[in-house]
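The block underneath contains the structure these notes are about, expressed in structure tokens.
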Amino acid sequence: MSAAVDVAPLLLPYRDTDTDRGSSNEIQSLVPSVPSNGPDASTPSQRLASLDVFRGLTVALMILVDDAGGAFPSINHSPWFGITLADFVMPFFLFLVGVSISLAFKKNSNKTTATKKVMLRAINLFLLGLLLQGGYFHGRNHLTYGVDVGKIRWLGVLQRISIGYLLASISEIWLVNNIMVDSLADFAWKYYTQWLFAIGLCSLYMCFLYGLSVPTWEYEAPSMNLSGFASGTQIVYCGVRGSLEPPCNAVGFIDRVILGEHHLYQHPVYRRTKECSVKSPDYGPLPPNSPQWCLAPFDPEGILSSLMAAVTCFVGLHFGHILLHFKDQKQRVLLWSMSAVPLLLFGYVLVILGIPSCKPLYTVSYACITAGVSGLILSIIFYIVDVKHFRKPTVLLQWMGMNALLIYALGACDLFSAGLQGFYWRSPENNLVDGTEALLQAMLHSKNWGTLAFVILEILFWGLVSGFLHMKSLYIRL
């Protein structure tokens with residue numbers, strides 16, 4: 001734990017005395033100063049509160065959809081095609097990574113040193129994700145821990161963020177032209193190489209997604225499964241190219257070849273499709289004559305899809321660059337809106353043209369729609385919080401955003417709740433976590449609404465914990 005002030009925990013931007021005179025949320029002379037009677041009243045830089053609020057909102061949203069998604073499947077991740085509330089969480093994080101990187105590297109005097117520090121931070125973030133989501137911690141309702149090293153899940157949320165952070169940071173260090181920005185033309189010329197790199201990532205993704213032939217493959221179905229589905233070796237017939245359906249897409253094929261089926265996520269969202277669940281869009285028993293691929297593993301944070309996900313970081317970079325180079329508040333909001341709305345519309349045009357939105361594949365249409373929404377939300381929050389200084393209603397979210405890494409690890413990854421469940425009365429079911437949820441369900445006479453109330457209390461709890469840590473100037477960082 002560190003007492004260093006102004007840390008953007010989950011986004012983990014590079015910070016160095018030679019390259020960054022403040023945190024990744026601080027900008028010099030960009031946000032109008034607010035009169036203060038505190039000791040920081042004369043400080044020339046001010047933390048950009050809207051980024052903390054947006055980050056806190058994203059963490060709160062993650063807890064909501066993860067813990068209440070079972071009770072309300074409509075807010076849970078889409079079984080395959082389409083976009084739900086939960087499908088915005090990952091793009092929000094990646095977008096904010098890009099914005100923070102642009103602020104962190106506003107001064108960059110030593111490219112080699114910066115690159116080394118970026119690589120070290122990306123590795124640390126990847127390893128933390130491996131610890132949290134690799135299978136070692138079993139989560140809530142499982143008073144056990146440990147993982148078979150032959151079945152470690154190599155990729156996950158933090159691992160994907162580390163990949164996006166690495167690619168966006170390297171481009172910010174090496175691919176930005178060293179010129180003054182006095183006009184929109186100068187702005188475009190300064191960053192055009194960076195955008196060519198992002199377009200290259202998108203093109204590489206599209207080439208593999210639509211150009212790679214996926215052969216017939218097989219996997220080992222679990223010995224215990226629902227509806228008497230045959231265990232043992234199952235054969236999935238493909239031999240196609242350019243398919244975006246669950247069994248025969250290039251994203252899953254690359255992961256199976258490089259990572260191996262035992263190192264992929266074993267409970268993919270397509271088990272909630274109509275083909276694989278009688279309770280779709282929720283998990284449930286397999287329907288009669290369900291296809292062979294229903295119990296196959298698939299990683300929603302796979303290798304190929306992570307390349308496309310990194311492009312969302314580049315969109316965030318663009319928004320951060322606007323914040324740095326354009327001083328007028330209305331001009332910033334206008335330029336952000338002019339960037340976000342076309343992205344959003346272009347994404348829906350792609351859907352109409354036959355490229356569906358799919359979070360597990362991170363299709364181009366999904367990337368454009370979610371990045372556009374991210375930009376619009378940042379514009380709204382920025383206007384409310386940093387322009388109009390209407391901050392009291394958002395203070396809990398701001399605190400959560402300042403300690404997002406802590407809340408992600410303890411709250412979203414269930415480390416705290418699983419630890420509390422270890423203290424029970426006579427039976428493991430008699431613990432404070434389950435008892436509180438059951439009490440709320442009884443009070444509201446509804447299992448679903450009781451669960452939602454419990455999750456809202458959980459979010460408020462983490463907001464207050466973050467506020468306490470903020471008052472003590474304690475922040476978790478890598």
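Chain labels A, B, ... are given in the sequence in which chains occur in the structure tokens; within each chain residues are numbered consecutively from 1, and ligands are likewise numbered from 1 in the order shown.
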* **Selection: 10 Å around Trp195 (chain A), only C-alpha atoms, excl. self and same-chain fewer than 6 positions, as number ranges by chain** => A: 171, 175-176, 188, 201, 311, 314-315, 317-318
* To do: Could you give me the residues within region 213-418 of chain A that DSSP places in helix (DSSP H, G or I), as a PyMOL selection string?
  => chain A and resi 226-228+250-258+261-263+269-272+292-295+303-325+329-352+364-387+392-402+404-412+415-418
* May I have the residues within 10 Å of Ile381 (chain A) as JSON, numbers by chain, using only C-alpha atoms and disregarding those fewer than 4 positions away in the same chain? => {"A": [49, 50, 51, 53, 54, 375, 376, 377, 385, 386, 387, 388, 390, 391, 394]}
* Counting only C-alpha atoms, the option among A:Leu48, A:Leu64, A:Leu361, A:Leu378 closest to Ile456 (chain A) ->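 Comparing A:Leu48, A:Leu64, A:Leu361, A:Leu378 against Ile456 (chain A), the winner is A:Leu64.
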Write out as a Markdown table the residues of region 395-422 of chain A that have any atom within 9 Å of an atom of region 130-146 of chain A, one row each with the nearest atom pair and its distance in Å to one decimal, counting only C-alpha atoms, sorted by chain and then rising number.
```
| residue | atom | partner | partner_atom | distance |
| --- | --- | --- | --- | --- |
| A:Ala409 | CA | A:Leu132 | CA | 7.1 |
| A:Cys413 | CA | A:Leu132 | CA | 7.0 |
| A:Asp414 | CA | A:Gly139 | CA | 5.4 |
| A:Leu415 | CA | A:Gly139 | CA | 6.5 |
| A:Phe416 | CA | A:Arg140 | CA | 8.8 |
| A:Ser417 | CA | A:Arg140 | CA | 6.3 |
| A:Ala418 | CA | A:Arg140 | CA | 4.5 |
| A:Gly419 | CA | A:Leu143 | CA | 8.2 |
| A:Gln421 | CA | A:Asn141 | CA | 7.3 |
| A:Gly422 | CA | A:Leu143 | CA | 6.3 |
```
Just the selected residues (N, CA, C and O atoms), exported as a compact mmCIF listing (two decimals), in the first residue's frame, please.
```txt
# COMPACT_ATOMS: atom_id res chain seq x y z
N ALA A 409 -9.98 -5.84 -7.20
CA ALA A 409 -9.43 -7.08 -6.64
C ALA A 409 -10.29 -7.64 -5.52
O ALA A 409 -10.63 -8.83 -5.51
N CYS A 413 -13.58 -9.15 -7.93
CA CYS A 413 -13.04 -10.52 -7.98
C CYS A 413 -13.42 -11.34 -6.75
O CYS A 413 -12.93 -12.46 -6.56
N ASP A 414 -14.27 -10.78 -5.89
CA ASP A 414 -14.87 -11.50 -4.76
C ASP A 414 -13.87 -11.95 -3.69
O ASP A 414 -14.18 -12.84 -2.89
N LEU A 415 -12.69 -11.35 -3.63
CA LEU A 415 -11.75 -11.76 -2.59
C LEU A 415 -12.26 -11.40 -1.20
O LEU A 415 -12.12 -12.18 -0.25
N PHE A 416 -12.86 -10.22 -1.06
CA PHE A 416 -13.34 -9.79 0.24
C PHE A 416 -14.54 -10.63 0.69
O PHE A 416 -14.58 -11.12 1.82
N SER A 417 -15.52 -10.80 -0.20
CA SER A 417 -16.72 -11.57 0.19
C SER A 417 -16.37 -13.03 0.45
O SER A 417 -16.91 -13.65 1.37
N ALA A 418 -15.46 -13.59 -0.34
CA ALA A 418 -15.05 -14.98 -0.11
C ALA A 418 -14.32 -15.11 1.22
O ALA A 418 -14.48 -16.11 1.93
N GLY A 419 -13.53 -14.08 1.58
CA GLY A 419 -12.86 -14.11 2.87
C GLY A 419 -13.85 -14.03 4.03
O GLY A 419 -13.70 -14.73 5.04
N GLN A 421 -16.89 -15.08 4.00
CA GLN A 421 -17.61 -16.34 4.07
C GLN A 421 -16.83 -17.41 4.82
O GLN A 421 -17.40 -18.42 5.24
N GLY A 422 -15.54 -17.20 4.99
CA GLY A 422 -14.73 -18.16 5.74
C GLY A 422 -15.04 -18.15 7.23
O GLY A 422 -14.65 -19.08 7.95
```
Please report, as a Markdown table, each residue of region 274-357 of chain A lying at most 7 Å from region 162-170 of chain A, together with the nearest pair of atoms and the separation in Å rounded to one decimal; use only C-alpha atoms, and order rows by chain and ascending residue number.
```
| residue | atom | partner | partner_atom | distance |
| --- | --- | --- | --- | --- |
| A:Ala309 | CA | A:Gly164 | CA | 7.0 |
| A:Ala310 | CA | A:Gly164 | CA | 4.2 |
| A:Cys313 | CA | A:Gly164 | CA | 6.1 |
| A:Phe314 | CA | A:Ala168 | CA | 6.1 |
```
Export of the given selection (C-alpha atoms) as a tab-separated table (two decimals), in the first residue's frame:
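Contents of result-v4.tsv, as written:
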```tsv
chain	number	residue	atom	x	y	z
A	309	ALA	CA	-9.63	-4.28	-27.96
A	310	ALA	CA	-6.38	-2.32	-27.87
A	313	CYS	CA	-7.22	2.50	-25.98
A	314	PHE	CA	-6.21	4.49	-29.06
```
* Structure fact -> Across A:Ile75, A:Val465, A:Val373, A:Val455, the smallest distance to Gly401 (chain A), with only C-alpha atoms counted, is shown by A:Val465
Excluding Ala60 (chain A) and its own-chain neighbours fewer than 4 positions away, which residues fall within 12 Å of it when counting only C-alpha atoms? Please give them as a PDB file with N, CA and C atoms, in the first residue's frame.
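This is the output file result32.pdb:
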```pdb
ATOM      1  N   VAL A  53     -14.421   9.903 -11.680  1.00  0.00           N
ATOM      2  CA  VAL A  53     -15.849   9.581 -11.623  1.00  0.00           C
ATOM      3  C   VAL A  53     -16.194   8.508 -12.652  1.00  0.00           C
ATOM      4  N   PHE A  54     -15.702   8.672 -13.879  1.00  0.00           N
ATOM      5  CA  PHE A  54     -15.982   7.691 -14.934  1.00  0.00           C
ATOM      6  C   PHE A  54     -15.386   6.334 -14.563  1.00  0.00           C
ATOM      7  N   ARG A  55     -14.179   6.331 -14.017  1.00  0.00           N
ATOM      8  CA  ARG A  55     -13.540   5.079 -13.616  1.00  0.00           C
ATOM      9  C   ARG A  55     -14.304   4.421 -12.484  1.00  0.00           C
ATOM     10  N   GLY A  56     -14.725   5.229 -11.501  1.00  0.00           N
ATOM     11  CA  GLY A  56     -15.519   4.686 -10.407  1.00  0.00           C
ATOM     12  C   GLY A  56     -16.856   4.143 -10.884  1.00  0.00           C
ATOM     13  N   LEU A  64     -22.081  -4.422 -10.304  1.00  0.00           N
ATOM     14  CA  LEU A  64     -23.520  -4.574 -10.508  1.00  0.00           C
ATOM     15  C   LEU A  64     -23.831  -5.720 -11.466  1.00  0.00           C
ATOM     16  N   VAL A  65     -23.198  -5.728 -12.624  1.00  0.00           N
ATOM     17  CA  VAL A  65     -23.545  -6.734 -13.637  1.00  0.00           C
ATOM     18  C   VAL A  65     -23.013  -8.114 -13.262  1.00  0.00           C
ATOM     19  N   ASP A  66     -21.875  -8.163 -12.565  1.00  0.00           N
ATOM     20  CA  ASP A  66     -21.336  -9.461 -12.168  1.00  0.00           C
ATOM     21  C   ASP A  66     -22.170 -10.111 -11.078  1.00  0.00           C
ATOM     22  N   ASP A  67     -22.580  -9.322 -10.084  1.00  0.00           N
ATOM     23  CA  ASP A  67     -23.276  -9.890  -8.930  1.00  0.00           C
ATOM     24  C   ASP A  67     -24.791  -9.918  -9.080  1.00  0.00           C
ATOM     25  N   ALA A  68     -25.344  -9.030  -9.918  1.00  0.00           N
ATOM     26  CA  ALA A  68     -26.793  -9.025 -10.119  1.00  0.00           C
ATOM     27  C   ALA A  68     -27.188  -9.567 -11.486  1.00  0.00           C
ATOM     28  N   ALA A  86     -23.659  -4.999 -19.416  1.00  0.00           N
ATOM     29  CA  ALA A  86     -22.378  -5.584 -18.993  1.00  0.00           C
ATOM     30  C   ALA A  86     -21.315  -5.484 -20.068  1.00  0.00           C
ATOM     31  N   VAL A  89     -18.531  -2.585 -19.927  1.00  0.00           N
ATOM     32  CA  VAL A  89     -17.548  -2.449 -18.860  1.00  0.00           C
ATOM     33  C   VAL A  89     -16.119  -2.486 -19.390  1.00  0.00           C
ATOM     34  N   PHE A  92     -15.130   0.555 -21.499  1.00  0.00           N
ATOM     35  CA  PHE A  92     -14.954   1.740 -20.651  1.00  0.00           C
ATOM     36  C   PHE A  92     -13.567   1.751 -20.023  1.00  0.00           C
ATOM     37  N   PHE A  93     -13.145   0.618 -19.477  1.00  0.00           N
ATOM     38  CA  PHE A  93     -11.823   0.534 -18.875  1.00  0.00           C
ATOM     39  C   PHE A  93     -10.730   0.838 -19.897  1.00  0.00           C
ATOM     40  N   LEU A 396     -18.926   9.648  -4.308  1.00  0.00           N
ATOM     41  CA  LEU A 396     -18.656   8.230  -4.048  1.00  0.00           C
ATOM     42  C   LEU A 396     -17.965   7.586  -5.245  1.00  0.00           C
ATOM     43  N   LEU A 397     -18.449   7.895  -6.434  1.00  0.00           N
ATOM     44  CA  LEU A 397     -17.836   7.349  -7.638  1.00  0.00           C
ATOM     45  C   LEU A 397     -16.416   7.878  -7.806  1.00  0.00           C
ATOM     46  N   GLN A 398     -16.205   9.133  -7.463  1.00  0.00           N
ATOM     47  CA  GLN A 398     -14.867   9.710  -7.568  1.00  0.00           C
ATOM     48  C   GLN A 398     -13.899   8.990  -6.627  1.00  0.00           C
ATOM     49  N   TRP A 399     -14.339   8.738  -5.400  1.00  0.00           N
ATOM     50  CA  TRP A 399     -13.492   8.004  -4.463  1.00  0.00           C
ATOM     51  C   TRP A 399     -13.191   6.592  -4.985  1.00  0.00           C
ATOM     52  N   MET A 400     -14.194   5.932  -5.525  1.00  0.00           N
ATOM     53  CA  MET A 400     -13.992   4.584  -6.052  1.00  0.00           C
ATOM     54  C   MET A 400     -13.009   4.596  -7.223  1.00  0.00           C
ATOM     55  N   GLY A 401     -13.088   5.638  -8.027  1.00  0.00           N
ATOM     56  CA  GLY A 401     -12.171   5.744  -9.148  1.00  0.00           C
ATOM     57  C   GLY A 401     -10.736   5.946  -8.723  1.00  0.00           C
ATOM     58  N   ASN A 403      -9.367   4.552  -6.145  1.00  0.00           N
ATOM     59  CA  ASN A 403      -8.851   3.278  -5.631  1.00  0.00           C
ATOM     60  C   ASN A 403      -9.478   2.113  -6.387  1.00  0.00           C
ATOM     61  N   ALA A 404      -9.526   2.262  -7.696  1.00  0.00           N
ATOM     62  CA  ALA A 404     -10.223   1.277  -8.529  1.00  0.00           C
ATOM     63  C   ALA A 404      -9.573  -0.099  -8.482  1.00  0.00           C
ATOM     64  N   ILE A 407     -10.718  -1.985  -5.342  1.00  0.00           N
ATOM     65  CA  ILE A 407     -12.108  -2.435  -5.422  1.00  0.00           C
ATOM     66  C   ILE A 407     -12.249  -3.566  -6.430  1.00  0.00           C
ATOM     67  N   TYR A 408     -11.504  -3.475  -7.526  1.00  0.00           N
ATOM     68  CA  TYR A 408     -11.566  -4.552  -8.513  1.00  0.00           C
ATOM     69  C   TYR A 408     -11.109  -5.876  -7.902  1.00  0.00           C
ATOM     70  N   GLY A 411     -13.480  -6.469  -4.474  1.00  0.00           N
ATOM     71  CA  GLY A 411     -14.911  -6.479  -4.713  1.00  0.00           C
ATOM     72  C   GLY A 411     -15.326  -7.244  -5.952  1.00  0.00           C
ATOM     73  N   ALA A 412     -14.834  -6.799  -7.107  1.00  0.00           N
ATOM     74  CA  ALA A 412     -15.253  -7.421  -8.359  1.00  0.00           C
ATOM     75  C   ALA A 412     -14.745  -8.850  -8.500  1.00  0.00           C
ATOM     76  N   VAL A 455     -26.467  -5.945  -3.790  1.00  0.00           N
ATOM     77  CA  VAL A 455     -25.386  -5.457  -4.654  1.00  0.00           C
ATOM     78  C   VAL A 455     -25.243  -3.941  -4.519  1.00  0.00           C
ATOM     79  N   ILE A 456     -26.367  -3.231  -4.434  1.00  0.00           N
ATOM     80  CA  ILE A 456     -26.308  -1.772  -4.249  1.00  0.00           C
ATOM     81  C   ILE A 456     -25.625  -1.435  -2.923  1.00  0.00           C
ATOM     82  N   LEU A 457     -25.941  -2.176  -1.869  1.00  0.00           N
ATOM     83  CA  LEU A 457     -25.267  -1.974  -0.590  1.00  0.00           C
ATOM     84  C   LEU A 457     -23.778  -2.275  -0.701  1.00  0.00           C
ATOM     85  N   GLU A 458     -23.447  -3.281  -1.481  1.00  0.00           N
ATOM     86  CA  GLU A 458     -22.036  -3.632  -1.696  1.00  0.00           C
ATOM     87  C   GLU A 458     -21.292  -2.482  -2.374  1.00  0.00           C
ATOM     88  N   ILE A 459     -21.918  -1.878  -3.371  1.00  0.00           N
ATOM     89  CA  ILE A 459     -21.292  -0.748  -4.064  1.00  0.00           C
ATOM     90  C   ILE A 459     -21.124   0.440  -3.122  1.00  0.00           C
ATOM     91  N   LEU A 460     -22.159   0.720  -2.327  1.00  0.00           N
ATOM     92  CA  LEU A 460     -22.068   1.811  -1.346  1.00  0.00           C
ATOM     93  C   LEU A 460     -20.959   1.536  -0.327  1.00  0.00           C
ATOM     94  N   PHE A 461     -20.832   0.286   0.072  1.00  0.00           N
ATOM     95  CA  PHE A 461     -19.773  -0.090   1.022  1.00  0.00           C
ATOM     96  C   PHE A 461     -18.405   0.227   0.458  1.00  0.00           C
ATOM     97  N   TRP A 462     -18.167  -0.150  -0.790  1.00  0.00           N
ATOM     98  CA  TRP A 462     -16.856   0.105  -1.386  1.00  0.00           C
ATOM     99  C   TRP A 462     -16.641   1.593  -1.632  1.00  0.00           C
ATOM    100  N   GLY A 463     -17.717   2.324  -1.880  1.00  0.00           N
ATOM    101  CA  GLY A 463     -17.585   3.763  -2.006  1.00  0.00           C
ATOM    102  C   GLY A 463     -17.129   4.402  -0.710  1.00  0.00           C
TER     103      GLY A 463
END
```
* Find the distance between CA of His263 (chain A) and CA of Ile152 (chain A) and write it in Å to one decimal. =>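 Taking CA of His263 (chain A) as the start and CA of Ile152 (chain A) as the end point, the length is 5.3 Å.
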* Asked: Hey, which of A:Glu172, A:Arg160, A:Ser466, A:Ser473 ends up closest to Ala198 (chain A)? Count only C-alpha atoms.
  ->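 Nearest to Ala198 (chain A): A:Glu172.
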* Which residue of A:Gly82, A:Gly239, A:Pro300, A:Pro215 approaches Gln159 (chain A) most closely, using only C-alpha atoms ->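 Checking each of A:Gly82, A:Gly239, A:Pro300, A:Pro215 against Gln159 (chain A), counting only C-alpha atoms, the winner is A:Pro300.
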* Nearest to Pro91 (chain A) among A:Leu353, A:Ala367, A:Met471, A:Val157, with distances taken over only C-alpha atoms: which residue is it? ->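 Of A:Leu353, A:Ala367, A:Met471, A:Val157, the one nearest Pro91 (chain A), counting only C-alpha atoms, is A:Ala367.
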* To do: Would you mind listing what lies within 12 Å of Tyr366 (chain A) as a ChimeraX atom specification, with only C-alpha atoms counted and same-chain residues fewer than 3 positions away left out?
  => /A:78,80-84,87-88,90-91,305,308-309,311-312,343-351,355-363,369-373
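Selecting strand (DSSP E or B) from the backbone DSSP output for region 223-399 of chain A yields Gly232, Thr233, Gln234, Ile235, Val236, Val240, Arg241 and Cys358 of chain A.
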Store the residues picked out above, limited to N, CA and C atoms, as an mmCIF file, in the first residue's frame.
```cif
data_model
loop_
_atom_site.group_PDB
_atom_site.id
_atom_site.type_symbol
_atom_site.label_atom_id
_atom_site.label_comp_id
_atom_site.auth_asym_id
_atom_site.auth_seq_id
_atom_site.Cartn_x
_atom_site.Cartn_y
_atom_site.Cartn_z
ATOM 1 N N GLY A 232 -16.433 -37.032 -22.629
ATOM 2 C CA GLY A 232 -15.369 -37.555 -23.476
ATOM 3 C C GLY A 232 -15.095 -36.644 -24.653
ATOM 4 N N THR A 233 -14.412 -37.158 -25.639
ATOM 5 C CA THR A 233 -14.013 -36.373 -26.801
ATOM 6 C C THR A 233 -15.207 -36.017 -27.671
ATOM 7 N N GLN A 234 -15.360 -34.722 -27.940
ATOM 8 C CA GLN A 234 -16.426 -34.235 -28.800
ATOM 9 C C GLN A 234 -15.807 -33.586 -30.035
ATOM 10 N N ILE A 235 -16.375 -33.837 -31.175
ATOM 11 C CA ILE A 235 -15.876 -33.304 -32.444
ATOM 12 C C ILE A 235 -16.779 -32.168 -32.912
ATOM 13 N N VAL A 236 -16.161 -31.033 -33.217
ATOM 14 C CA VAL A 236 -16.889 -29.876 -33.719
ATOM 15 C C VAL A 236 -16.493 -29.692 -35.186
ATOM 16 N N VAL A 240 -14.490 -23.987 -42.284
ATOM 17 C CA VAL A 240 -15.051 -22.773 -42.879
ATOM 18 C C VAL A 240 -14.088 -21.611 -42.675
ATOM 19 N N ARG A 241 -14.376 -20.518 -43.348
ATOM 20 C CA ARG A 241 -13.580 -19.309 -43.249
ATOM 21 C C ARG A 241 -14.508 -18.117 -43.033
ATOM 22 N N CYS A 358 -20.377 -8.136 -31.263
ATOM 23 C CA CYS A 358 -20.103 -9.355 -30.489
ATOM 24 C C CYS A 358 -18.955 -9.074 -29.536
#
```
* To do: May I have the residues within 6 Å of region 268-278 of chain A as a list in words, using only C-alpha atoms and disregarding those fewer than 3 positions away in the same chain?
  => Pro79, Trp80, Pro281, Asp282, Tyr283, Gly284, Pro285, Leu286, Pro287, Ser290, Cys294 and Phe298 of chain A
Include all heavy atoms and write out the residues we just selected as a short mmCIF file (atom, residue, chain, number, x, y, z; two decimals), in the first residue's frame.
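Listed below is the output, result11.cif:
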```cif
data_model
loop_
_atom_site.label_atom_id
_atom_site.label_comp_id
_atom_site.auth_asym_id
_atom_site.auth_seq_id
_atom_site.Cartn_x
_atom_site.Cartn_y
_atom_site.Cartn_z
N PRO A 79 -25.38 -13.28 -24.66
CA PRO A 79 -24.92 -14.66 -24.90
C PRO A 79 -23.96 -14.77 -26.09
O PRO A 79 -23.08 -15.63 -26.09
CB PRO A 79 -26.22 -15.42 -25.15
CG PRO A 79 -27.25 -14.65 -24.41
CD PRO A 79 -26.84 -13.22 -24.55
N TRP A 80 -24.10 -13.93 -27.09
CA TRP A 80 -23.14 -13.92 -28.19
C TRP A 80 -23.23 -12.60 -28.96
O TRP A 80 -22.47 -11.69 -28.74
CB TRP A 80 -23.32 -15.12 -29.11
CG TRP A 80 -22.14 -15.32 -30.03
CD1 TRP A 80 -22.09 -15.10 -31.37
CD2 TRP A 80 -20.82 -15.75 -29.66
NE1 TRP A 80 -20.84 -15.37 -31.89
CE2 TRP A 80 -20.03 -15.77 -30.85
CE3 TRP A 80 -20.21 -16.09 -28.46
CZ2 TRP A 80 -18.69 -16.12 -30.85
CZ3 TRP A 80 -18.88 -16.47 -28.45
CH2 TRP A 80 -18.13 -16.47 -29.64
N PRO A 281 -31.94 -16.17 -21.89
CA PRO A 281 -30.51 -15.82 -21.91
C PRO A 281 -29.76 -16.11 -20.62
O PRO A 281 -28.66 -15.57 -20.42
CB PRO A 281 -30.55 -14.32 -22.18
CG PRO A 281 -31.78 -13.86 -21.49
CD PRO A 281 -32.77 -14.97 -21.66
N ASP A 282 -30.29 -16.94 -19.73
CA ASP A 282 -29.58 -17.32 -18.52
C ASP A 282 -28.97 -18.70 -18.72
O ASP A 282 -29.31 -19.43 -19.67
CB ASP A 282 -30.54 -17.32 -17.34
CG ASP A 282 -29.83 -17.27 -16.00
OD1 ASP A 282 -28.59 -17.18 -16.00
OD2 ASP A 282 -30.52 -17.33 -14.96
N TYR A 283 -28.07 -19.09 -17.82
CA TYR A 283 -27.54 -20.45 -17.85
C TYR A 283 -28.64 -21.42 -17.46
O TYR A 283 -29.53 -21.10 -16.68
CB TYR A 283 -26.37 -20.59 -16.87
CG TYR A 283 -25.11 -19.87 -17.29
CD1 TYR A 283 -24.77 -18.64 -16.73
CD2 TYR A 283 -24.27 -20.41 -18.26
CE1 TYR A 283 -23.61 -17.97 -17.11
CE2 TYR A 283 -23.12 -19.75 -18.65
CZ TYR A 283 -22.79 -18.54 -18.07
OH TYR A 283 -21.64 -17.88 -18.46
N GLY A 284 -28.57 -22.62 -18.00
CA GLY A 284 -29.56 -23.64 -17.69
C GLY A 284 -29.19 -24.96 -18.31
O GLY A 284 -28.14 -25.09 -18.97
N PRO A 285 -30.02 -25.98 -18.11
CA PRO A 285 -29.76 -27.30 -18.70
C PRO A 285 -29.69 -27.22 -20.23
O PRO A 285 -30.34 -26.36 -20.85
CB PRO A 285 -30.95 -28.14 -18.24
CG PRO A 285 -31.49 -27.42 -17.04
CD PRO A 285 -31.24 -25.97 -17.29
N LEU A 286 -28.93 -28.11 -20.81
CA LEU A 286 -28.85 -28.17 -22.25
C LEU A 286 -30.16 -28.66 -22.84
O LEU A 286 -30.78 -29.59 -22.32
CB LEU A 286 -27.73 -29.11 -22.68
CG LEU A 286 -26.29 -28.67 -22.36
CD1 LEU A 286 -25.34 -29.84 -22.54
CD2 LEU A 286 -25.90 -27.52 -23.26
N PRO A 287 -30.63 -28.06 -23.91
CA PRO A 287 -31.84 -28.54 -24.57
C PRO A 287 -31.57 -29.85 -25.32
O PRO A 287 -30.42 -30.20 -25.56
CB PRO A 287 -32.19 -27.41 -25.54
CG PRO A 287 -30.88 -26.74 -25.82
CD PRO A 287 -30.08 -26.86 -24.57
N SER A 290 -28.78 -30.55 -28.43
CA SER A 290 -27.92 -29.36 -28.44
C SER A 290 -26.65 -29.66 -29.22
O SER A 290 -26.18 -30.80 -29.26
CB SER A 290 -27.59 -28.94 -27.01
OG SER A 290 -26.98 -30.01 -26.30
N CYS A 294 -21.45 -26.81 -27.29
CA CYS A 294 -22.03 -26.07 -26.16
C CYS A 294 -21.16 -26.08 -24.91
O CYS A 294 -21.14 -25.11 -24.16
CB CYS A 294 -23.41 -26.62 -25.84
SG CYS A 294 -24.72 -26.00 -26.93
N PHE A 298 -14.03 -21.38 -24.23
CA PHE A 298 -13.77 -20.23 -25.10
C PHE A 298 -13.40 -19.05 -24.22
O PHE A 298 -14.07 -18.79 -23.21
CB PHE A 298 -15.01 -19.88 -25.94
CG PHE A 298 -14.81 -18.70 -26.85
CD1 PHE A 298 -14.31 -18.87 -28.13
CD2 PHE A 298 -15.11 -17.41 -26.41
CE1 PHE A 298 -14.12 -17.79 -28.97
CE2 PHE A 298 -14.92 -16.33 -27.24
CZ PHE A 298 -14.42 -16.51 -28.52
#
```
* Using CA of Leu244 (chain A) and CA of Cys368 (chain A) as the two end points, give the distance in Å to one decimal. =>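 CA of Cys368 (chain A) lies at a distance of 17.3 Å from CA of Leu244 (chain A).
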